[in-house]
>>> print(open('model.cif').read())   # mmCIF, C-alpha atoms
data_work
#
loop_
_atom_site.label_atom_id
_atom_site.label_comp_id
_atom_site.auth_asym_id
_atom_site.auth_seq_id
_atom_site.Cartn_x
_atom_site.Cartn_y
_atom_site.Cartn_z
CA MET A 1 0.11 27.37 36.55
CA PRO A 2 -1.81 29.34 39.18
CA LEU A 3 -4.93 28.16 41.02
CA GLN A 4 -7.68 28.57 38.45
CA ALA A 5 -11.21 27.70 37.38
CA VAL A 6 -11.35 26.93 33.65
CA MET A 7 -14.35 26.59 31.37
CA ILE A 8 -13.48 24.87 28.08
CA VAL A 9 -15.83 25.61 25.15
CA VAL A 10 -15.92 22.97 22.42
CA ASP A 11 -17.04 23.72 18.86
CA ASN A 12 -19.64 21.09 17.91
CA SER A 13 -20.96 22.89 14.85
CA GLU A 14 -21.38 21.13 11.52
CA SER A 15 -17.86 22.21 10.58
CA SER A 16 -16.45 20.00 13.34
CA ARG A 17 -17.23 16.95 11.17
CA ASN A 18 -14.46 17.97 8.78
CA GLY A 19 -11.67 15.42 8.46
CA ASP A 20 -8.68 17.74 7.94
CA TYR A 21 -7.77 16.68 11.49
CA GLN A 22 -7.95 12.90 11.93
CA PRO A 23 -10.37 11.38 12.55
CA SER A 24 -12.38 14.65 12.69
CA ARG A 25 -12.11 18.17 14.07
CA PHE A 26 -14.41 17.26 16.94
CA ASP A 27 -12.35 14.22 17.95
CA ALA A 28 -9.20 16.33 17.71
CA GLN A 29 -10.77 18.74 20.21
CA ALA A 30 -11.75 15.88 22.52
CA ASP A 31 -8.15 14.61 22.58
CA ALA A 32 -6.79 18.11 23.23
CA ILE A 33 -9.32 18.74 26.03
CA ASN A 34 -8.23 15.53 27.74
CA ILE A 35 -4.60 16.70 27.68
CA MET A 36 -5.60 20.18 28.88
CA PHE A 37 -7.52 18.77 31.84
CA GLU A 38 -4.49 16.71 32.87
CA SER A 39 -2.15 19.68 32.55
CA ILE A 40 -4.38 22.04 34.56
CA THR A 41 -5.14 19.63 37.40
CA GLN A 42 -1.59 18.24 37.60
CA SER A 43 -0.05 21.70 37.93
CA ASN A 44 -2.48 22.59 40.74
CA PRO A 45 -4.74 19.86 42.21
CA GLU A 46 -7.16 22.47 43.55
CA SER A 47 -7.87 23.87 40.07
CA SER A 48 -11.16 22.84 38.48
CA VAL A 49 -12.33 22.46 34.87
CA GLY A 50 -15.78 22.71 33.31
CA LEU A 51 -17.01 21.97 29.78
CA MET A 52 -19.64 23.39 27.45
CA SER A 53 -20.51 23.36 23.76
CA MET A 54 -21.42 26.30 21.51
CA GLY A 55 -22.82 24.60 18.40
CA GLY A 56 -26.03 22.75 17.62
CA LYS A 57 -29.22 24.52 18.66
CA GLY A 58 -27.28 26.71 21.08
CA PRO A 59 -24.64 26.71 23.83
CA GLU A 60 -25.01 24.01 26.49
CA VAL A 61 -23.15 23.41 29.75
CA LEU A 62 -21.95 19.80 29.61
CA SER A 63 -20.15 19.74 32.96
CA THR A 64 -19.90 22.28 35.74
CA LEU A 65 -16.50 22.95 37.31
CA THR A 66 -15.02 19.68 38.54
CA THR A 67 -11.79 17.84 39.28
CA GLU A 68 -13.13 14.56 37.85
CA ARG A 69 -11.98 13.76 34.33
CA GLY A 70 -14.86 11.32 33.79
CA LYS A 71 -17.46 14.10 33.86
CA LEU A 72 -15.76 15.88 30.96
CA LEU A 73 -15.42 12.68 28.95
CA GLU A 74 -19.10 11.92 29.52
CA GLY A 75 -20.02 15.40 28.30
CA LEU A 76 -17.91 14.99 25.17
CA HIS A 77 -19.56 11.64 24.47
CA ARG A 78 -23.03 13.19 24.67
CA THR A 79 -22.03 16.11 22.46
CA ARG A 80 -20.65 13.85 19.75
CA LYS A 81 -24.27 12.95 18.98
CA LYS A 82 -25.28 16.62 18.76
CA ILE A 83 -22.91 17.86 16.05
CA SER A 84 -24.95 20.25 13.91
CA GLY A 85 -25.71 23.86 13.07
CA SER A 86 -23.33 26.78 13.47
CA SER A 87 -21.31 28.09 16.40
CA HIS A 88 -22.60 30.75 18.82
CA LEU A 89 -19.34 32.27 20.01
CA ALA A 90 -20.49 35.38 21.90
CA THR A 91 -23.35 33.59 23.67
CA GLY A 92 -21.08 30.69 24.55
CA ILE A 93 -18.51 32.98 26.19
CA GLN A 94 -21.22 34.78 28.17
CA ILE A 95 -22.63 31.50 29.51
CA ALA A 96 -19.12 30.27 30.36
CA SER A 97 -18.49 33.45 32.36
CA LEU A 98 -21.71 32.86 34.31
CA ALA A 99 -20.59 29.31 35.08
CA LEU A 100 -17.30 30.67 36.46
CA LYS A 101 -19.15 32.98 38.84
CA HIS A 102 -20.56 29.90 40.58
CA ARG A 103 -17.10 28.50 41.41
CA GLN A 104 -16.85 27.43 45.05
CA ASN A 105 -13.33 28.70 45.59
CA LYS A 106 -13.42 32.43 44.86
CA SER A 107 -9.62 32.63 44.96
CA GLN A 108 -9.49 30.63 41.74
CA ARG A 109 -8.49 32.68 38.73
CA GLN A 110 -11.19 32.74 36.03
CA ARG A 111 -10.29 31.45 32.58
CA ILE A 112 -12.14 30.42 29.41
CA ILE A 113 -10.57 28.36 26.61
CA VAL A 114 -12.55 28.38 23.35
CA PHE A 115 -11.99 26.01 20.43
CA VAL A 116 -13.03 27.52 17.09
CA CYS A 117 -13.12 25.54 13.84
CA SER A 118 -16.11 27.16 12.09
CA PRO A 119 -17.21 30.58 10.78
CA VAL A 120 -18.14 33.17 13.42
CA ALA A 121 -21.45 34.93 12.74
CA ASP A 122 -21.03 37.58 15.46
CA ASP A 123 -19.79 40.93 14.16
CA GLU A 124 -16.47 42.35 15.30
CA LYS A 125 -18.00 45.30 17.18
CA LYS A 126 -20.11 42.97 19.33
CA LEU A 127 -17.12 40.75 20.09
CA VAL A 128 -14.90 43.69 21.07
CA SER A 129 -17.62 44.97 23.42
CA LEU A 130 -17.86 41.51 25.01
CA ALA A 131 -14.07 41.34 25.31
CA LYS A 132 -13.99 44.59 27.30
CA LYS A 133 -16.69 43.21 29.58
CA MET A 134 -14.65 40.04 30.20
CA LYS A 135 -11.55 42.13 30.89
CA LYS A 136 -13.47 44.18 33.45
CA GLY A 137 -14.54 40.94 35.13
CA ASN A 138 -10.88 39.71 35.29
CA ILE A 139 -11.60 36.73 33.04
CA ASP A 140 -8.80 35.43 30.80
CA ILE A 141 -9.90 34.24 27.34
CA ASP A 142 -7.84 31.86 25.21
CA PHE A 143 -8.75 30.95 21.62
CA VAL A 144 -7.63 27.87 19.71
CA LEU A 145 -8.36 28.52 16.02
CA PHE A 146 -7.70 25.44 13.93
CA GLY A 147 -8.75 23.86 10.65
CA ASP A 148 -8.67 25.09 7.07
CA LEU A 149 -11.31 27.83 7.12
CA ASP A 150 -12.40 29.64 3.97
CA ASP A 151 -13.51 32.68 5.94
CA ASP A 152 -10.48 34.89 6.72
CA ASP A 153 -12.66 37.19 8.83
CA VAL A 154 -12.73 34.59 11.63
CA GLN A 155 -9.09 35.17 12.55
CA LYS A 156 -9.49 38.96 12.26
CA LYS A 157 -12.46 38.89 14.65
CA LEU A 158 -10.61 36.73 17.16
CA GLU A 159 -7.53 38.96 16.95
CA ALA A 160 -9.69 42.02 17.67
CA PHE A 161 -11.25 40.21 20.65
CA ASN A 162 -7.84 39.14 21.94
CA ASN A 163 -6.38 42.65 21.67
CA ALA A 164 -9.30 44.03 23.68
CA VAL A 165 -9.33 41.40 26.43
CA LYS A 166 -5.70 40.63 27.18
CA THR A 167 -3.85 42.09 30.16
CA ASN A 168 -0.16 41.32 30.73
CA GLU A 169 -0.30 38.51 28.17
CA ASN A 170 -2.84 36.53 30.20
CA SER A 171 -5.06 35.83 27.18
CA HIS A 172 -3.85 34.14 24.02
CA LEU A 173 -4.88 33.42 20.45
CA VAL A 174 -3.28 30.30 19.01
CA VAL A 175 -3.76 29.57 15.30
CA VAL A 176 -3.09 25.93 14.38
CA PRO A 177 -3.06 25.23 10.62
CA PRO A 178 -3.82 21.72 9.34
CA SER A 179 -0.85 19.36 9.43
CA GLY A 180 0.01 15.75 9.98
CA LYS A 181 0.48 16.36 13.72
CA LEU A 182 -2.19 15.89 16.37
CA LEU A 183 -3.90 19.06 17.57
CA SER A 184 -3.02 18.19 21.18
CA ASP A 185 0.68 17.79 20.31
CA GLN A 186 0.76 21.22 18.69
CA LEU A 187 -0.98 22.84 21.66
CA ILE A 188 1.46 21.43 24.23
CA THR A 189 4.16 23.90 23.23
CA THR A 190 1.86 26.96 23.25
CA PRO A 191 1.39 29.50 26.10
CA ILE A 192 -2.11 28.11 26.64
CA MET A 193 -0.63 24.86 27.92
CA LEU A 194 2.70 26.06 29.27
CA GLY A 195 1.21 28.89 31.30
CA GLU A 196 2.31 32.48 31.89
CA GLY A 197 5.80 33.52 31.03
CA ALA A 198 5.95 30.90 28.31
CA ALA A 199 4.95 33.23 25.48
CA SER A 200 8.54 34.29 24.91
CA GLY A 201 9.63 30.68 25.29
CA ALA A 202 7.14 29.54 22.67
CA ALA A 203 8.27 32.32 20.36
CA GLY A 204 11.87 31.21 20.79
CA ALA A 205 11.12 27.52 20.46
CA ALA A 206 12.77 27.45 17.07
CA GLU A 207 15.98 28.53 18.75
CA GLY A 208 15.69 25.67 21.22
CA ALA A 209 14.78 27.99 24.06
CA GLY A 210 11.54 27.52 25.95
CA ASP A 211 11.01 27.71 29.69
CA PHE A 212 12.42 24.40 30.92
CA GLY A 213 15.10 25.43 33.37
CA ASP A 214 18.36 23.55 32.70
CA PHE A 215 16.80 21.37 29.99
CA ASP A 216 17.98 22.91 26.73
CA PHE A 217 15.94 21.40 23.90
CA ASP A 218 13.32 22.31 21.33
CA PRO A 219 9.90 21.45 22.85
CA SER A 220 8.31 21.22 19.41
CA THR A 221 10.42 18.13 18.63
CA ASP A 222 8.95 16.17 21.55
CA PRO A 223 5.69 17.72 22.82
CA GLU A 224 4.98 14.89 25.27
CA LEU A 225 8.38 15.28 26.92
CA ALA A 226 7.83 19.05 27.06
CA LEU A 227 4.54 18.56 28.89
CA ALA A 228 6.06 16.01 31.26
CA LEU A 229 8.92 18.38 32.11
CA ARG A 230 6.52 21.26 32.65
CA MET A 231 4.37 19.19 35.03
CA SER A 232 7.44 17.93 36.88
CA MET A 233 8.78 21.47 37.33
CA ASP A 234 5.39 22.74 38.53
CA GLU A 235 5.11 19.89 41.05
CA GLU A 236 8.64 20.51 42.36
CA ASN A 237 7.98 24.25 42.73
CA ALA A 238 4.76 23.50 44.62
CA ARG A 239 6.58 21.00 46.87
CA GLN A 240 9.35 23.48 47.69
CA ALA A 241 6.81 26.20 48.46
CA LYS A 242 4.95 23.82 50.78
CA VAL A 243 8.14 22.82 52.62
CA ALA A 244 9.18 26.46 53.03
CA LYS A 245 5.77 27.34 54.45
CA GLU A 246 5.86 24.42 56.90
CA GLU A 247 9.31 25.45 58.12
CA GLU A 248 8.18 29.04 58.55
CA ASP A 249 5.09 27.96 60.52
CA ALA A 250 7.19 25.67 62.73
CA THR A 251 9.63 28.49 63.47
CA LYS A 252 6.83 30.86 64.41
CA LYS A 253 5.23 28.23 66.65
CA SER A 254 8.49 27.53 68.50
CA LEU A 255 9.10 31.22 69.10
CA GLU A 256 5.61 31.78 70.51
CA GLY A 257 6.39 29.69 73.63
CA ILE A 258 9.55 31.58 74.54
CA PRO A 259 8.84 34.63 76.77
CA GLU A 260 11.00 37.67 76.29
CA GLU A 261 13.52 38.53 79.01
CA GLY A 262 11.84 40.40 81.84
CA GLU A 263 8.42 39.84 80.25
CA ASN A 264 6.84 38.48 83.47
CA GLN A 265 8.74 40.69 85.92
CA PRO A 266 6.50 43.32 87.65
CA LEU A 267 7.40 46.95 87.35
CA LEU A 268 7.24 47.48 91.18
CA ASN A 269 8.19 45.14 94.00
CA GLU A 270 6.39 44.63 97.32
CA GLN A 271 7.98 47.75 98.83
CA GLY A 272 6.66 49.86 95.96
CA GLU A 273 10.12 50.36 94.56
CA ALA A 274 11.21 49.69 91.00
CA SER A 275 12.16 46.08 90.49
CA GLY A 276 15.50 45.19 88.98
CA SER A 277 19.05 45.96 89.90
CA GLY A 278 18.06 48.94 92.02
CA SER A 279 15.58 47.01 94.23
CA ALA A 280 15.41 47.06 98.04
CA GLU A 281 16.86 43.54 98.28
CA ASN A 282 19.98 44.57 96.47
CA LYS A 283 20.20 47.63 98.73
CA LYS A 284 19.98 45.43 101.88
CA ASP A 285 22.65 43.12 100.55
CA ASN A 286 24.93 46.06 99.96
CA GLU A 287 24.33 47.39 103.54
CA LYS A 288 25.03 43.91 105.00
CA ASP A 289 28.29 43.68 103.10
CA ASP A 290 29.30 47.07 104.45
CA GLY A 291 28.48 45.97 108.06
CA ASP A 292 30.60 42.84 107.79
CA LYS A 293 33.68 44.81 106.96
CA MET A 294 36.16 45.21 109.90
CA ASP A 295 36.75 48.68 111.14
CA THR A 296 40.53 48.98 111.00
CA SER A 297 40.67 52.60 111.98
#
>>> encode(input="model.cif", output="structure tokens")
Amino acid sequence: MPLQAVMIVVDNSESSRNGDYQPSRFDAQADAINIMFESITQSNPESSVGLMSMGGKGPEVLSTLTTERGKLLEGLHRTRKKISGSSHLATGIQIASLALKHRQNKSQRQRIIVFVCSPVADDEKKLVSLAKKMKKGNIDIDFVLFGDLDDDDVQKKLEAFNNAVKTNENSHLVVVPPSGKLLSDQLITTPIMLGEGAASGAAGAAEGAGDFGDFDFDPSTDPELALALRMSMDEENARQAKVAKEEEDATKKSLEGIPEEGENQPLLNEQGEASGSGSAENKKDNEKDDGDKMDTS
């Protein structure tokens, strides 16, 4: 994964109490967020992650961008006591984008991951307009839609948002239906967790493809192994890039101390003649050699 600043938006609306994901939808999100934080920071230690909620009385920033897992866990713990009301999707995304603007490292790529497990009150036209604004600001938006929702319009609205915001497959919409598997396990094999270039791999997971180099296996059969392999490959790529850069810098440094041939030689000598093979000294040497020769005539 590239160097990035990620704001994760958790859905703490009343719908997050539902138990179709054990022990509840909110706890399923908390587990998935923990795995996401590990994946993002392991792939690039300089990446940072923030957390906010979009339910209750309104969106709230729980943790600004950080590299400390404890701050996110503390924010989730506080939010668990504030589960109520409905979700405020559009407002939550806008506040998350403002939080990203305050990132210290401006070279970090901006990204927002939104968990949605409740009806979305915002109309589609408003969401599409917001999506275009996020696209203009170079902010990637990922949605994780999960749970058994009665409102089919939620997925349609998120699809419209995703179609308007994505550029070169940088933004994703992942729909996770209820099942006996953990939400985090199902997310591990998605492009949201695997990073760019994994969309085709995720689509071909059923064929045992995926983007795991020489490891030919179906990542959906062992999500934890898939994540471990992905992290290991990212770390190895980063190590090789670092070694290559160090070697390049060392080569440049060694070449800097070697002057080019003739670099310090003046253009004219003391007699005002051109220095080099045609200099006065060489001329004198030639005359001396001619004088030493015996006249045999």
>>> resolve_selection(input="model.cif", expression="the PyMOL selection byres ((chain A and resi 177-181) around 9)", output="PDB file with C-alpha atoms, in the frame of the given file")
ATOM      1  CA  ASP A  20      -8.680  17.740   7.940  1.00  0.00           C
ATOM      2  CA  TYR A  21      -7.770  16.680  11.490  1.00  0.00           C
ATOM      3  CA  GLN A  22      -7.950  12.900  11.930  1.00  0.00           C
ATOM      4  CA  LEU A 145      -8.360  28.520  16.020  1.00  0.00           C
ATOM      5  CA  PHE A 146      -7.700  25.440  13.930  1.00  0.00           C
ATOM      6  CA  GLY A 147      -8.750  23.860  10.650  1.00  0.00           C
ATOM      7  CA  ASP A 148      -8.670  25.090   7.070  1.00  0.00           C
ATOM      8  CA  VAL A 175      -3.760  29.570  15.300  1.00  0.00           C
ATOM      9  CA  VAL A 176      -3.090  25.930  14.380  1.00  0.00           C
ATOM     10  CA  LEU A 182      -2.190  15.890  16.370  1.00  0.00           C
ATOM     11  CA  LEU A 183      -3.900  19.060  17.570  1.00  0.00           C
ATOM     12  CA  SER A 184      -3.020  18.190  21.180  1.00  0.00           C
ATOM     13  CA  ASP A 185       0.680  17.790  20.310  1.00  0.00           C
ATOM     14  CA  GLN A 186       0.760  21.220  18.690  1.00  0.00           C
TER      15      GLN A 186
END
>>> resolve_selection(input="model.cif", expression="the PyMOL selection byres ((chain A and resi 5-16) around 9)", output="ChimeraX atom specification")
/A:3-4,17-19,24-27,29-30,33,40,47-56,59,61,64-66,76,79-80,82-89,92-93,96-97,99-100,103,105,108-119
>>> atom_distance(input="model.cif", atom1="CA of Glu124 (chain A)", atom2="CA of Asp150 (chain A)")
17.5 Å
>>> closest_residue(input="model.cif", among="A:Asn170, A:Ser254, A:Thr67, A:Asn138", to="Glu46 (chain A)", atoms="only C-alpha atoms")
A:Thr67
>>> residues_around(input="model.cif", residues="Lys156 (chain A)", least_positions_apart="2", cutoff="12 Å", atoms="only C-alpha atoms", output="NGL selection string")
:A and (119-120 or 123-125 or 127-128 or 145 or 151-154 or 158-163 or 173 or 175)
>>> axis_aligned_box(input="model.cif", around="region 95-114 of chain A", padding_each_side="6 Å", output="AutoDock Vina command-line options")
--center_x -15.6 --center_y 30.4 --center_z 34.5 --size_x 26.1 --size_y 18.0 --size_z 34.2
>>> build_atoms(input="model.cif", residues="region 154-187 of chain A", atoms="N, CA and C atoms", output="compact mmCIF listing (two decimals), in the frame of the given file")
# COMPACT_ATOMS: atom_id res chain seq x y z
N VAL A 154 -12.69 35.24 10.31
CA VAL A 154 -12.73 34.59 11.63
C VAL A 154 -11.49 34.96 12.43
N GLN A 155 -10.32 34.84 11.84
CA GLN A 155 -9.09 35.17 12.55
C GLN A 155 -9.03 36.65 12.89
N LYS A 156 -9.50 37.52 12.00
CA LYS A 156 -9.49 38.96 12.26
C LYS A 156 -10.39 39.28 13.46
N LYS A 157 -11.55 38.65 13.53
CA LYS A 157 -12.46 38.89 14.65
C LYS A 157 -11.86 38.42 15.98
N LEU A 158 -11.22 37.26 15.93
CA LEU A 158 -10.61 36.73 17.16
C LEU A 158 -9.41 37.57 17.58
N GLU A 159 -8.66 38.09 16.62
CA GLU A 159 -7.53 38.96 16.95
C GLU A 159 -8.02 40.26 17.61
N ALA A 160 -9.13 40.80 17.08
CA ALA A 160 -9.69 42.02 17.67
C ALA A 160 -10.17 41.75 19.10
N PHE A 161 -10.79 40.59 19.31
CA PHE A 161 -11.25 40.21 20.65
C PHE A 161 -10.05 40.07 21.58
N ASN A 162 -9.02 39.38 21.12
CA ASN A 162 -7.84 39.14 21.94
C ASN A 162 -7.14 40.44 22.33
N ASN A 163 -7.03 41.37 21.39
CA ASN A 163 -6.38 42.65 21.67
C ASN A 163 -7.16 43.45 22.71
N ALA A 164 -8.47 43.28 22.74
CA ALA A 164 -9.30 44.03 23.68
C ALA A 164 -9.36 43.40 25.06
N VAL A 165 -9.15 42.09 25.15
CA VAL A 165 -9.33 41.40 26.43
C VAL A 165 -8.05 41.15 27.20
N LYS A 166 -6.92 41.08 26.51
CA LYS A 166 -5.70 40.63 27.18
C LYS A 166 -5.10 41.70 28.08
N THR A 167 -4.55 41.25 29.20
CA THR A 167 -3.85 42.09 30.16
C THR A 167 -2.60 41.35 30.60
N ASN A 168 -1.43 41.96 30.36
CA ASN A 168 -0.16 41.32 30.73
C ASN A 168 -0.01 39.92 30.13
N GLU A 169 -0.46 39.78 28.89
CA GLU A 169 -0.30 38.51 28.17
C GLU A 169 -0.99 37.34 28.87
N ASN A 170 -2.11 37.60 29.53
CA ASN A 170 -2.84 36.53 30.20
C ASN A 170 -3.81 35.81 29.27
N SER A 171 -4.15 36.43 28.16
CA SER A 171 -5.06 35.83 27.18
C SER A 171 -4.31 35.62 25.88
N HIS A 172 -4.62 34.50 25.21
CA HIS A 172 -3.85 34.14 24.02
C HIS A 172 -4.76 33.72 22.86
N LEU A 173 -4.25 33.92 21.67
CA LEU A 173 -4.88 33.42 20.45
C LEU A 173 -3.86 32.53 19.76
N VAL A 174 -4.18 31.26 19.66
CA VAL A 174 -3.28 30.30 19.01
C VAL A 174 -3.94 29.81 17.73
N VAL A 175 -3.26 30.01 16.61
CA VAL A 175 -3.76 29.57 15.30
C VAL A 175 -2.99 28.31 14.90
N VAL A 176 -3.72 27.22 14.71
CA VAL A 176 -3.09 25.93 14.38
C VAL A 176 -3.54 25.50 12.99
N PRO A 177 -2.69 25.65 11.98
CA PRO A 177 -3.06 25.23 10.62
C PRO A 177 -3.06 23.71 10.50
N PRO A 178 -3.79 23.18 9.53
CA PRO A 178 -3.82 21.72 9.34
C PRO A 178 -2.42 21.16 9.06
N SER A 179 -2.13 20.02 9.66
CA SER A 179 -0.85 19.36 9.43
C SER A 179 -1.01 17.89 9.80
N GLY A 180 0.07 17.16 9.64
CA GLY A 180 0.01 15.75 9.98
C GLY A 180 0.08 15.49 11.47
N LYS A 181 0.36 16.52 12.27
CA LYS A 181 0.48 16.36 13.72
C LYS A 181 -0.88 16.42 14.39
N LEU A 182 -0.97 15.81 15.58
CA LEU A 182 -2.19 15.89 16.37
C LEU A 182 -2.37 17.31 16.90
N LEU A 183 -3.61 17.74 17.03
CA LEU A 183 -3.90 19.06 17.57
C LEU A 183 -3.35 19.19 18.99
N SER A 184 -3.51 18.15 19.79
CA SER A 184 -3.02 18.19 21.18
C SER A 184 -1.51 18.35 21.23
N ASP A 185 -0.79 17.68 20.32
CA ASP A 185 0.68 17.79 20.31
C ASP A 185 1.13 19.21 19.97
N GLN A 186 0.39 19.86 19.09
CA GLN A 186 0.76 21.22 18.69
C GLN A 186 0.42 22.23 19.78
N LEU A 187 -0.58 21.93 20.59
CA LEU A 187 -0.98 22.84 21.66
C LEU A 187 -0.06 22.76 22.87
